[in-house]
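Q: File my_file.txt follows (compact mmCIF, C-alpha atoms (C1' of nucleotides)):
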```txt
# COMPACT_ATOMS: atom_id res chain seq x y z
CA MET A 105 0.00 0.00 0.00
CA SER A 106 1.45 3.33 -0.98
CA LEU A 107 -1.26 5.67 0.07
CA GLU A 108 0.87 8.21 1.90
CA GLN A 109 -1.07 11.33 2.64
CA GLN A 110 1.37 13.41 4.58
CA PRO A 111 0.59 17.13 4.49
CA VAL A 112 2.80 17.97 1.55
CA LYS A 113 5.04 20.85 2.54
CA GLU A 114 3.42 24.23 2.32
CA HIS A 115 5.47 26.33 0.04
CA ARG A 116 6.15 30.00 0.23
CA ARG A 117 4.14 32.45 2.21
CA THR A 118 2.80 35.16 -0.02
CA ARG A 119 0.31 37.94 0.31
CA GLN A 120 -1.95 36.23 -2.22
CA ARG A 121 -2.10 32.92 -0.43
CA ALA A 122 -2.78 34.61 2.84
CA ALA A 123 -5.64 36.47 1.20
CA VAL A 124 -7.20 33.28 -0.16
CA ASP A 125 -6.74 31.57 3.18
CA GLU A 126 -8.42 34.43 4.94
CA VAL A 127 -11.50 34.28 2.79
CA LEU A 128 -11.74 30.52 3.18
CA GLU A 129 -11.40 30.88 6.91
CA GLU A 130 -14.31 33.22 7.24
CA THR A 131 -16.52 31.47 4.72
CA GLU A 132 -18.82 28.84 6.17
CA ASP A 133 -20.08 27.42 2.91
CA PHE A 134 -18.61 26.08 -0.28
CA ILE A 135 -17.30 28.74 -2.60
CA SER A 136 -16.07 28.63 -6.18
CA ALA A 137 -12.75 29.94 -7.38
CA GLN A 138 -14.51 32.64 -9.37
CA ASP A 139 -16.56 33.78 -6.41
CA LEU A 140 -13.58 33.82 -4.12
CA HIS A 141 -11.73 35.88 -6.68
CA ALA A 142 -14.65 38.28 -6.91
CA ILE A 143 -14.68 38.73 -3.13
CA LEU A 144 -10.99 39.53 -3.12
CA ARG A 145 -11.44 42.10 -5.86
CA SER A 146 -14.39 43.69 -4.09
CA ARG A 147 -12.14 44.17 -1.08
CA GLY A 148 -9.55 45.85 -3.15
CA MET A 149 -7.16 42.96 -2.59
CA SER A 150 -6.04 42.31 -6.11
CA VAL A 151 -5.09 38.71 -6.73
CA GLY A 152 -4.90 37.15 -10.15
CA LEU A 153 -7.62 34.70 -11.07
CA ALA A 154 -5.06 32.11 -12.11
CA THR A 155 -3.41 32.46 -8.75
CA VAL A 156 -6.67 31.83 -6.96
CA TYR A 157 -7.18 28.68 -9.01
CA ARG A 158 -3.64 27.50 -8.35
CA THR A 159 -3.83 28.22 -4.65
CA LEU A 160 -7.13 26.41 -4.21
CA GLN A 161 -5.86 23.47 -6.14
CA THR A 162 -2.78 23.23 -3.99
CA LEU A 163 -4.85 23.45 -0.83
CA ALA A 164 -7.11 20.72 -2.14
CA ASP A 165 -4.16 18.51 -3.01
CA ASN A 166 -2.84 18.94 0.49
CA GLY A 167 -6.21 18.04 1.89
CA ASP A 168 -6.51 21.43 3.52
CA VAL A 169 -9.82 22.10 1.85
CA ASP A 170 -12.61 19.92 0.57
CA VAL A 171 -13.72 20.06 -3.03
CA LEU A 172 -17.22 19.66 -4.30
CA HIS A 173 -18.34 19.47 -7.90
CA THR A 174 -21.62 21.24 -8.35
CA ALA A 175 -24.31 20.18 -10.75
CA GLY A 176 -23.31 23.06 -12.98
CA GLY A 177 -19.90 21.49 -13.32
CA GLU A 178 -17.93 23.97 -11.28
CA ALA A 179 -15.67 23.18 -8.37
CA ALA A 180 -16.43 24.64 -4.97
CA TYR A 181 -14.02 24.71 -2.04
CA ARG A 182 -14.44 24.78 1.70
CA ARG A 183 -12.17 24.66 4.70
CA CYS A 184 -13.61 21.86 6.79
CA ALA A 185 -13.69 21.56 10.54
CA ARG A 186 -13.83 17.82 10.72
CA GLU A 187 -10.49 16.11 10.37
CA GLY A 188 -10.96 12.75 8.72
CA HIS A 189 -12.99 11.60 5.75
CA HIS A 190 -16.55 12.85 5.74
CA HIS A 191 -19.34 13.98 3.47
CA HIS A 192 -21.54 17.01 3.05
CA LEU A 193 -25.17 17.88 3.21
CA VAL A 194 -25.44 20.96 1.06
CA CYS A 195 -28.30 23.37 0.49
CA ARG A 196 -29.11 23.73 -3.16
CA SER A 197 -29.85 27.39 -3.01
CA CYS A 198 -27.73 28.95 -0.27
CA LYS A 199 -25.00 26.31 -0.07
CA ALA A 200 -25.35 26.02 3.72
CA THR A 201 -23.31 22.98 4.59
CA VAL A 202 -23.39 20.35 7.29
CA GLU A 203 -20.51 17.93 7.65
CA VAL A 204 -21.60 14.36 8.18
CA ALA A 205 -19.76 11.13 8.76
CA GLY A 206 -21.17 7.77 7.79
CA PRO A 207 -18.97 4.90 8.84
CA ALA A 208 -21.59 2.50 7.56
CA VAL A 209 -21.40 3.95 4.09
CA GLU A 210 -17.64 3.72 4.06
CA ARG A 211 -17.87 0.10 5.03
CA TRP A 212 -20.53 -0.59 2.46
CA THR A 213 -18.67 0.96 -0.44
CA SER A 214 -15.45 -0.84 0.26
CA SER A 215 -17.16 -4.17 0.74
CA VAL A 216 -19.11 -3.78 -2.47
CA ALA A 217 -15.94 -2.92 -4.32
CA LYS A 218 -14.09 -5.83 -2.81
CA GLU A 219 -16.91 -8.19 -3.75
CA HIS A 220 -16.36 -7.29 -7.37
CA GLY A 221 -12.60 -7.46 -7.17
CA TYR A 222 -12.07 -3.74 -7.48
CA THR A 223 -9.03 -2.35 -5.73
CA ASP A 224 -7.70 1.05 -4.77
CA VAL A 225 -11.23 2.14 -4.03
CA ALA A 226 -12.50 5.65 -3.50
CA HIS A 227 -15.92 7.20 -3.60
CA THR A 228 -17.79 10.43 -3.82
CA LEU A 229 -20.97 11.07 -1.91
CA GLU A 230 -22.78 14.33 -1.53
CA ILE A 231 -26.26 14.99 -0.29
CA PHE A 232 -28.21 17.90 -1.69
CA GLY A 233 -31.39 19.40 -0.37
CA THR A 234 -33.10 22.60 0.65
CA CYS A 235 -32.12 23.84 4.08
CA PRO A 236 -34.78 24.85 6.61
CA ARG A 237 -33.99 28.51 6.20
CA CYS A 238 -34.35 28.44 2.44
CA ALA A 239 -37.45 26.29 2.71
CA GLN A 240 -38.99 29.60 3.68
CA GLY A 241 -39.38 28.34 7.25
CA MET B 121 -44.75 16.47 -2.92
CA SER B 122 -44.42 17.19 -6.58
CA LEU B 123 -41.84 14.70 -7.62
CA GLU B 124 -43.52 13.40 -10.74
CA GLN B 125 -41.15 11.35 -12.82
CA GLN B 126 -43.32 10.06 -15.56
CA PRO B 127 -41.38 9.07 -18.68
CA VAL B 128 -41.76 12.39 -20.48
CA LYS B 129 -43.09 11.71 -23.95
CA GLU B 130 -40.53 10.58 -26.42
CA HIS B 131 -40.47 13.05 -29.18
CA ARG B 132 -39.86 12.45 -32.85
CA ARG B 133 -38.06 9.48 -34.27
CA THR B 134 -35.12 10.55 -36.33
CA ARG B 135 -32.16 8.87 -37.90
CA GLN B 136 -29.83 10.72 -35.52
CA ARG B 137 -31.57 9.61 -32.37
CA ALA B 138 -31.67 6.06 -33.57
CA ALA B 139 -27.95 6.23 -34.18
CA VAL B 140 -27.20 7.52 -30.70
CA ASP B 141 -29.53 4.93 -29.21
CA GLU B 142 -27.79 2.18 -31.09
CA VAL B 143 -24.36 3.13 -29.80
CA LEU B 144 -25.66 3.37 -26.26
CA GLU B 145 -27.28 0.01 -26.61
CA GLU B 146 -24.11 -1.74 -27.56
CA THR B 147 -21.86 0.12 -25.16
CA GLU B 148 -21.43 -1.54 -21.78
CA ASP B 149 -19.58 1.29 -20.09
CA PHE B 150 -20.04 4.97 -19.53
CA ILE B 151 -19.27 7.08 -22.56
CA SER B 152 -18.94 10.80 -23.07
CA ALA B 153 -20.83 12.82 -25.64
CA GLN B 154 -17.61 13.55 -27.45
CA ASP B 155 -16.61 9.91 -27.61
CA LEU B 156 -20.03 8.84 -28.76
CA HIS B 157 -19.87 11.45 -31.47
CA ALA B 158 -16.44 10.19 -32.52
CA ILE B 159 -17.76 6.65 -32.80
CA LEU B 160 -20.60 7.77 -35.01
CA ARG B 161 -18.22 9.65 -37.26
CA SER B 162 -15.87 6.71 -37.50
CA ARG B 163 -18.78 4.66 -38.72
CA GLY B 164 -19.58 7.16 -41.36
CA MET B 165 -22.84 7.99 -39.65
CA SER B 166 -22.67 11.74 -39.64
CA VAL B 167 -24.50 13.30 -36.73
CA GLY B 168 -23.86 16.80 -35.46
CA LEU B 169 -22.06 17.14 -32.17
CA ALA B 170 -24.74 19.47 -30.85
CA THR B 171 -27.33 16.88 -31.71
CA VAL B 172 -25.48 14.23 -29.77
CA TYR B 173 -25.36 16.51 -26.77
CA ARG B 174 -29.02 17.35 -27.06
CA THR B 175 -30.07 13.75 -27.51
CA LEU B 176 -28.09 12.53 -24.55
CA GLN B 177 -29.45 15.29 -22.43
CA THR B 178 -32.98 14.43 -23.35
CA LEU B 179 -32.41 10.77 -22.64
CA ALA B 180 -30.94 11.69 -19.29
CA ASP B 181 -33.88 13.92 -18.46
CA ASN B 182 -36.23 11.09 -19.26
CA GLY B 183 -34.24 8.78 -17.05
CA ASP B 184 -33.44 6.56 -20.01
CA VAL B 185 -29.73 6.83 -19.35
CA ASP B 186 -27.65 7.45 -16.26
CA VAL B 187 -25.25 10.33 -16.06
CA LEU B 188 -21.93 10.35 -14.33
CA HIS B 189 -19.63 13.30 -13.81
CA THR B 190 -16.05 12.22 -14.12
CA ALA B 191 -13.20 13.69 -12.14
CA GLY B 192 -12.14 15.56 -15.24
CA GLY B 193 -15.44 17.36 -15.20
CA GLU B 194 -17.02 15.73 -18.19
CA ALA B 195 -20.36 13.99 -18.31
CA ALA B 196 -20.54 10.31 -19.22
CA TYR B 197 -23.71 8.46 -20.17
CA ARG B 198 -24.80 4.87 -19.94
CA ARG B 199 -27.97 2.93 -20.65
CA CYS B 200 -28.58 1.04 -17.45
CA ALA B 201 -30.15 -2.35 -17.00
CA ARG B 202 -31.42 -1.86 -13.53
CA GLU B 203 -34.70 -0.02 -13.34
CA GLY B 204 -34.84 1.95 -10.13
CA HIS B 205 -32.37 4.17 -8.36
CA HIS B 206 -28.91 2.69 -8.08
CA HIS B 207 -25.25 3.56 -8.07
CA HIS B 208 -22.14 2.59 -9.96
CA LEU B 209 -18.84 0.98 -9.29
CA VAL B 210 -16.65 2.27 -12.07
CA CYS B 211 -13.15 1.31 -13.13
CA ARG B 212 -10.87 4.29 -13.22
CA SER B 213 -8.99 3.19 -16.29
CA CYS B 214 -11.32 1.16 -18.48
CA LYS B 215 -14.65 2.46 -17.15
CA ALA B 216 -15.97 -1.07 -16.63
CA THR B 217 -19.15 -0.57 -14.65
CA VAL B 218 -21.10 -2.57 -12.13
CA GLU B 219 -24.53 -1.43 -11.07
CA VAL B 220 -25.11 -1.61 -7.35
CA ALA B 221 -28.05 -0.87 -5.11
CA GLY B 222 -27.66 0.17 -1.52
CA PRO B 223 -30.97 0.52 0.24
CA ALA B 224 -29.13 1.21 3.47
CA VAL B 225 -27.36 4.17 1.95
CA GLU B 226 -30.58 5.60 0.64
CA ARG B 227 -32.10 5.33 4.07
CA TRP B 228 -29.07 6.84 5.68
CA THR B 229 -28.89 9.86 3.42
CA SER B 230 -32.53 10.73 3.80
CA SER B 231 -32.48 10.31 7.53
CA VAL B 232 -29.40 12.46 7.86
CA ALA B 233 -31.02 15.13 5.74
CA LYS B 234 -34.22 14.98 7.70
CA GLU B 235 -32.32 15.27 10.96
CA HIS B 236 -30.99 18.60 9.81
CA GLY B 237 -34.28 19.81 8.46
CA TYR B 238 -33.28 19.58 4.82
CA THR B 239 -36.05 18.79 2.38
CA ASP B 240 -36.36 17.74 -1.24
CA VAL B 241 -33.29 15.59 -0.79
CA ALA B 242 -31.16 13.98 -3.45
CA HIS B 243 -27.69 12.57 -3.49
CA THR B 244 -24.86 11.49 -5.69
CA LEU B 245 -22.75 8.47 -4.92
CA GLU B 246 -20.22 6.85 -7.17
CA ILE B 247 -17.55 4.35 -6.32
CA PHE B 248 -14.29 4.36 -8.23
CA GLY B 249 -11.62 1.72 -8.26
CA THR B 250 -9.44 -0.42 -10.45
CA CYS B 251 -11.20 -3.44 -11.88
CA PRO B 252 -9.64 -6.90 -11.65
CA ARG B 253 -8.82 -6.92 -15.32
CA CYS B 254 -7.01 -3.59 -15.23
CA ALA B 255 -5.30 -4.57 -12.00
CA GLN B 256 -3.19 -6.64 -14.37
CA GLY B 257 -4.73 -9.81 -12.95
C1' DC C 1394 21.61 43.36 5.18
C1' DC C 1395 22.12 41.87 0.43
C1' DC C 1396 22.17 38.54 -3.20
C1' DA C 1397 21.31 34.84 -6.06
C1' DA C 1398 18.51 30.79 -6.55
C1' DT C 1399 14.01 29.43 -6.76
C1' DT C 1400 9.23 29.98 -6.49
C1' DT C 1401 5.24 32.62 -7.40
C1' DT C 1402 2.53 35.90 -9.73
C1' DG C 1403 -0.53 37.90 -13.24
C1' DA C 1404 -2.14 39.29 -17.65
C1' DC C 1405 -3.49 37.00 -21.44
C1' DA C 1406 -4.00 33.40 -24.71
C1' DA C 1407 -5.60 28.91 -25.27
C1' DT C 1408 -8.32 24.72 -24.30
C1' DC C 1409 -12.19 22.01 -23.28
C1' DG C 1410 -16.76 20.67 -22.68
C1' DT C 1411 -21.03 22.38 -23.49
C1' DT C 1412 -24.84 25.45 -24.94
C1' DG C 1413 -27.07 29.07 -28.02
C1' DT C 1414 -28.43 30.53 -32.72
C1' DC C 1415 -30.97 30.15 -36.69
C1' DA C 1416 -31.86 28.92 -41.30
C1' DG C 1417 -32.81 24.78 -43.65
C1' DT C 1418 -34.67 19.84 -43.24
C1' DT C 1419 -37.57 16.21 -41.52
C1' DT C 1420 -41.53 14.29 -39.13
C1' DT C 1421 -46.09 14.06 -37.94
C1' DC C 1422 -50.83 14.04 -38.64
C1' DA C 1423 -55.07 15.96 -40.12
C1' DT D 1308 -50.59 16.33 -49.58
C1' DG D 1309 -49.61 20.47 -46.73
C1' DA D 1310 -48.40 22.70 -43.18
C1' DA D 1311 -47.29 23.35 -38.40
C1' DA D 1312 -44.03 21.83 -35.12
C1' DA D 1313 -39.92 19.62 -33.93
C1' DC D 1314 -35.23 18.56 -35.18
C1' DT D 1315 -30.69 19.21 -37.19
C1' DG D 1316 -26.09 21.02 -38.03
C1' DA D 1317 -22.50 24.35 -38.74
C1' DC D 1318 -20.64 27.64 -36.18
C1' DA D 1319 -20.42 31.20 -32.79
C1' DA D 1320 -20.41 31.98 -28.03
C1' DC D 1321 -19.56 30.77 -23.27
C1' DG D 1322 -17.85 29.76 -18.78
C1' DA D 1323 -14.61 27.31 -16.18
C1' DT D 1324 -10.08 26.10 -16.04
C1' DT D 1325 -5.16 25.66 -17.47
C1' DG D 1326 -0.86 27.02 -19.99
C1' DT D 1327 2.70 30.64 -20.90
C1' DC D 1328 6.35 33.40 -19.70
C1' DA D 1329 8.49 37.56 -18.27
C1' DA D 1330 8.44 40.32 -14.13
C1' DA D 1331 8.20 40.30 -9.03
C1' DA D 1332 8.56 38.36 -4.46
C1' DT D 1333 10.46 35.04 -1.00
C1' DT D 1334 14.03 32.46 1.04
C1' DG D 1335 18.46 30.91 2.93
C1' DG D 1336 23.24 31.86 3.06
C1' DG D 1337 27.17 34.77 3.34
```
Turn the structure described in the file into structure tokens.

A:
Amino acid sequence: MSLEQQPVKEHRRTRQRAAVDEVLEETEDFISAQDLHAILRSRGMSVGLATVYRTLQTLADNGDVDVLHTAGGEAAYRRCAREGHHHHLVCRSCKATVEVAGPAVERWTSSVAKEHGYTDVAHTLEIFGTCPRCAQG
Amino acid sequence: MSLEQQPVKEHRRTRQRAAVDEVLEETEDFISAQDLHAILRSRGMSVGLATVYRTLQTLADNGDVDVLHTAGGEAAYRRCAREGHHHHLVCRSCKATVEVAGPAVERWTSSVAKEHGYTDVAHTLEIFGTCPRCAQG
DNA sequence: CCCAATTTTGACAATCGTTGTCAGTTTTCA
DNA sequence: TGAAAACTGACAACGATTGTCAAAATTGGG
């Protein structure tokens, strides 16, 4: 098994990365690269769009943020509280997110895969719905 | 609850749709619109790319084919044997697919959603791995 | 503190999958 | 058969993302 997942060394500290980090830190819900870039601009903190993409990608590779692929085919990022592997319950309209863990699901997926002889198994699972607030409650 | 899912009326029968249908019928694994289009071309059956996209989309809307969003952000389609809701165990390299049902997972996702007050719940779950054949077995 | 090596940035072009446009073609059905 | 209505295809347009490459910033050592 060569599934090392050590927190690949953070590289250089730059104004831009700090800016991206900051936004992620204060953002509860998933946010796209474009939106994050827009927020930075609106605050007068000029950071190149490409840089935002690169930074988010690096963070994702390091496991520092979670990535979610929306129905519209865009990637959304979020700094998660929970440490280990987990999933998300995301509101369709406002993106409000709840982190959930489902040990049973993990077990199920790997057993199913094993049953069929599949190895090096991974899975994606996201739950979408309308949160109470958006449900006009 | 307004979750009607009646098989929206099939529209007109055209040479192009028949062609797309045919390829789907004989293709075991998930295939992208682009690839399907390429196959048609290679067979001399000229069908516009836009038409392929439109046809696949319609089929997907009608629930006649399943859609899968690959890591690379492209949509892949497949005519599934199983009737109801199910998931897929897909080989990363050759796309070999196994249809799997997980009633427990369905129950889990909806109960988790309910717990948090989320309504109109849906979920995506795909399992990826390396199939026995590709594992060089 | 200053420098050189190395990494990072950013403006912009380029790519990729996908959707919109719209005139011309085909299907359907009365 | 004759239209109305749906469908097609070539091509433009699009939005997200990645590649390019010279200029700028960071780092560790002297």

Q: Can you check which residues of chain A have any atom within 6 Å of chain B? Use only C-alpha atoms and format it as a list in words.

A: Gly221, Tyr222, Thr223, Asp224, Val225, Ala226, His227, Thr228, Leu229, Glu230, Ile231, Phe232, Gly233, Thr234, Cys235 and Pro236 of chain A

Q: Between atom C1' of C:DT1399 and atom CA of A:Asp125, what is the distance in Å, rounded to a tenth?

A: 23.1 Å

Q: Taking 3 positions as the minimum chain separation for residues in the same chain, which residues sit within 10 Å of C:DT1420 when counting all atoms listed in the file? Answer as a list of chain:residue names.

A: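 Result of the neighbour search: B:Arg132, B:Arg133, B:Thr134, D:DA1312, D:DA1313, D:DC1314.
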
Q: With a distance cut-off of 6 Å and all atoms listed in the file, select the neighbouring residues of A:Ala180, excluding the residue or stretch itself and same-chain residues fewer than 5 positions from it, and output the selection as a VMD selection string.

A: chain A and resid 134 to 136 171 to 172

Q: Take chain A, superimpose it onto chain B by least squares using every C-alpha atom paired in sequence order, and output the result as a compact mmCIF listing (two decimals) with C-alpha atoms, in the coordinates of the input.

A:
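Output file selection_36.txt follows:
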```
# COMPACT_ATOMS: atom_id res chain seq x y z
CA MET A 105 -45.14 16.25 -3.07
CA SER A 106 -44.80 17.03 -6.74
CA LEU A 107 -42.10 14.67 -7.76
CA GLU A 108 -43.73 13.27 -10.87
CA GLN A 109 -41.28 11.31 -12.93
CA GLN A 110 -43.39 10.00 -15.74
CA PRO A 111 -41.38 9.10 -18.84
CA VAL A 112 -41.77 12.42 -20.60
CA LYS A 113 -43.04 11.76 -24.09
CA GLU A 114 -40.39 10.74 -26.55
CA HIS A 115 -40.46 13.16 -29.37
CA ARG A 116 -39.82 12.53 -33.00
CA ARG A 117 -38.04 9.54 -34.37
CA THR A 118 -35.06 10.59 -36.39
CA ARG A 119 -32.10 8.88 -37.93
CA GLN A 120 -29.78 10.72 -35.55
CA ARG A 121 -31.55 9.66 -32.40
CA ALA A 122 -31.68 6.10 -33.56
CA ALA A 123 -27.95 6.23 -34.18
CA VAL A 124 -27.22 7.53 -30.68
CA ASP A 125 -29.55 4.96 -29.18
CA GLU A 126 -27.82 2.21 -31.06
CA VAL A 127 -24.41 3.12 -29.77
CA LEU A 128 -25.69 3.39 -26.22
CA GLU A 129 -27.35 0.03 -26.55
CA GLU A 130 -24.19 -1.75 -27.52
CA THR A 131 -21.93 0.10 -25.12
CA GLU A 132 -21.50 -1.54 -21.74
CA ASP A 133 -19.63 1.27 -20.05
CA PHE A 134 -20.07 4.96 -19.52
CA ILE A 135 -19.31 7.05 -22.56
CA SER A 136 -18.95 10.78 -23.08
CA ALA A 137 -20.81 12.81 -25.65
CA GLN A 138 -17.57 13.50 -27.49
CA ASP A 139 -16.62 9.84 -27.61
CA LEU A 140 -20.05 8.79 -28.76
CA HIS A 141 -19.86 11.40 -31.47
CA ALA A 142 -16.45 10.12 -32.51
CA ILE A 143 -17.78 6.57 -32.78
CA LEU A 144 -20.62 7.71 -34.99
CA ARG A 145 -18.23 9.57 -37.26
CA SER A 146 -15.88 6.61 -37.47
CA ARG A 147 -18.82 4.56 -38.71
CA GLY A 148 -19.58 7.05 -41.35
CA MET A 149 -22.85 7.93 -39.64
CA SER A 150 -22.62 11.68 -39.62
CA VAL A 151 -24.45 13.27 -36.72
CA GLY A 152 -23.79 16.76 -35.49
CA LEU A 153 -21.99 17.10 -32.19
CA ALA A 154 -24.65 19.45 -30.88
CA THR A 155 -27.27 16.90 -31.74
CA VAL A 156 -25.45 14.22 -29.80
CA TYR A 157 -25.32 16.52 -26.78
CA ARG A 158 -28.99 17.39 -27.09
CA THR A 159 -30.06 13.80 -27.55
CA LEU A 160 -28.08 12.57 -24.56
CA GLN A 161 -29.42 15.34 -22.44
CA THR A 162 -32.97 14.51 -23.37
CA LEU A 163 -32.41 10.84 -22.64
CA ALA A 164 -30.94 11.76 -19.28
CA ASP A 165 -33.87 14.02 -18.47
CA ASN A 166 -36.24 11.20 -19.27
CA GLY A 167 -34.27 8.90 -17.04
CA ASP A 168 -33.47 6.66 -19.97
CA VAL A 169 -29.76 6.89 -19.32
CA ASP A 170 -27.66 7.48 -16.25
CA VAL A 171 -25.23 10.36 -16.06
CA LEU A 172 -21.91 10.36 -14.34
CA HIS A 173 -19.59 13.29 -13.84
CA THR A 174 -16.01 12.20 -14.17
CA ALA A 175 -13.15 13.65 -12.21
CA GLY A 176 -12.08 15.50 -15.32
CA GLY A 177 -15.38 17.32 -15.26
CA GLU A 178 -16.99 15.68 -18.25
CA ALA A 179 -20.34 13.96 -18.33
CA ALA A 180 -20.55 10.30 -19.24
CA TYR A 181 -23.73 8.46 -20.17
CA ARG A 182 -24.85 4.88 -19.93
CA ARG A 183 -28.01 2.96 -20.62
CA CYS A 184 -28.62 1.06 -17.41
CA ALA A 185 -30.16 -2.34 -16.97
CA ARG A 186 -31.44 -1.85 -13.49
CA GLU A 187 -34.73 -0.02 -13.27
CA GLY A 188 -34.86 1.97 -10.06
CA HIS A 189 -32.36 4.18 -8.30
CA HIS A 190 -28.91 2.69 -8.02
CA HIS A 191 -25.24 3.57 -8.02
CA HIS A 192 -22.14 2.60 -9.93
CA LEU A 193 -18.83 1.00 -9.27
CA VAL A 194 -16.65 2.29 -12.06
CA CYS A 195 -13.15 1.34 -13.14
CA ARG A 196 -10.88 4.32 -13.27
CA SER A 197 -9.01 3.23 -16.32
CA CYS A 198 -11.35 1.18 -18.50
CA LYS A 199 -14.67 2.46 -17.17
CA ALA A 200 -16.00 -1.08 -16.63
CA THR A 201 -19.15 -0.57 -14.63
CA VAL A 202 -21.09 -2.57 -12.10
CA GLU A 203 -24.53 -1.42 -11.02
CA VAL A 204 -25.08 -1.62 -7.30
CA ALA A 205 -28.01 -0.88 -5.06
CA GLY A 206 -27.62 0.14 -1.45
CA PRO A 207 -30.91 0.51 0.34
CA ALA A 208 -29.04 1.20 3.54
CA VAL A 209 -27.29 4.17 2.01
CA GLU A 210 -30.54 5.58 0.72
CA ARG A 211 -32.02 5.30 4.16
CA TRP A 212 -28.98 6.84 5.77
CA THR A 213 -28.85 9.86 3.50
CA SER A 214 -32.48 10.70 3.89
CA SER A 215 -32.41 10.29 7.64
CA VAL A 216 -29.34 12.46 7.95
CA ALA A 217 -30.97 15.11 5.83
CA LYS A 218 -34.17 14.94 7.80
CA GLU A 219 -32.24 15.25 11.06
CA HIS A 220 -30.94 18.59 9.89
CA GLY A 221 -34.26 19.77 8.55
CA TYR A 222 -33.27 19.53 4.92
CA THR A 223 -36.04 18.75 2.49
CA ASP A 224 -36.35 17.69 -1.12
CA VAL A 225 -33.28 15.56 -0.68
CA ALA A 226 -31.17 13.96 -3.37
CA HIS A 227 -27.70 12.54 -3.42
CA THR A 228 -24.88 11.47 -5.64
CA LEU A 229 -22.74 8.47 -4.89
CA GLU A 230 -20.20 6.86 -7.14
CA ILE A 231 -17.53 4.37 -6.31
CA PHE A 232 -14.29 4.40 -8.24
CA GLY A 233 -11.60 1.78 -8.30
CA THR A 234 -9.43 -0.36 -10.51
CA CYS A 235 -11.19 -3.39 -11.92
CA PRO A 236 -9.60 -6.84 -11.69
CA ARG A 237 -8.81 -6.88 -15.37
CA CYS A 238 -7.02 -3.55 -15.29
CA ALA A 239 -5.27 -4.49 -12.08
CA GLN A 240 -3.19 -6.55 -14.46
CA GLY A 241 -4.73 -9.72 -13.02
```

Q: Would you mind listing, for every residue of chain C within 8 Å of chain A, the two atoms forming the shortest contact and the distance between them in Å to one decimal, using all atoms listed in the file, sorted by chain and ascending residue number, as CSV?

A:
```
residue,atom,partner,partner_atom,distance
C:DT1400,C1',A:Arg116,CA,7.4
C:DT1402,C1',A:Thr155,CA,6.9
C:DG1403,C1',A:Gly152,CA,5.4
```

Q: So that I can see what lies close to C:DA1397, please list as a VMD selection string the residues with an atom at most 12 Å from it, counting all atoms listed in the file and leaving out residues fewer than 5 positions away in the same chain.

A: chain D and resid 1333 to 1337

Q: Once you have the residues from the selection above, write them out as an mmCIF file, in the coordinates of the input, restricted to C-alpha atoms (C1' of nucleotides).

A:
```cif
data_model
loop_
_atom_site.group_PDB
_atom_site.id
_atom_site.type_symbol
_atom_site.label_atom_id
_atom_site.label_comp_id
_atom_site.auth_asym_id
_atom_site.auth_seq_id
_atom_site.Cartn_x
_atom_site.Cartn_y
_atom_site.Cartn_z
ATOM 1 C "C1'" DT D 1333 10.460 35.040 -1.000
ATOM 2 C "C1'" DT D 1334 14.030 32.460 1.040
ATOM 3 C "C1'" DG D 1335 18.460 30.910 2.930
ATOM 4 C "C1'" DG D 1336 23.240 31.860 3.060
ATOM 5 C "C1'" DG D 1337 27.170 34.770 3.340
#
```

Q: Counting all atoms listed in the file, which of B:Gln256, B:Thr175, B:Asn182, B:Ser162 gets nearest to chain D?

A: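 Closest residue, counting all atoms listed in the file: B:Thr175.
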
Q: For atom CA of A:Thr162 and atom C1' of C:DA1398, quote the distance in Å rounded to one decimal.

A: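 Answer for the atom CA of A:Thr162 to atom C1' of C:DA1398 separation: 22.7 Å.
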
Q: Specify as a ChimeraX atom specification all residues of chain D found within 10 Å of chain A, counting only C-alpha atoms (C1' of nucleotides).

A: /D:1322-1325,1332-1334

Q: Would you mind reading off the distance between atom CA of B:Gly183 and atom C1' of C:DT1421, one decimal, in Å?

A: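 Distance reported for this atom pair: 24.6 Å.
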
Q: With only C-alpha atoms (C1' of nucleotides) as the atoms that count, which of B:Glu142, B:Asp155, B:Arg199, B:Glu219 lies nearest to C:DG1410?

A: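 Selected residue with least distance to C:DG1410: B:Asp155.
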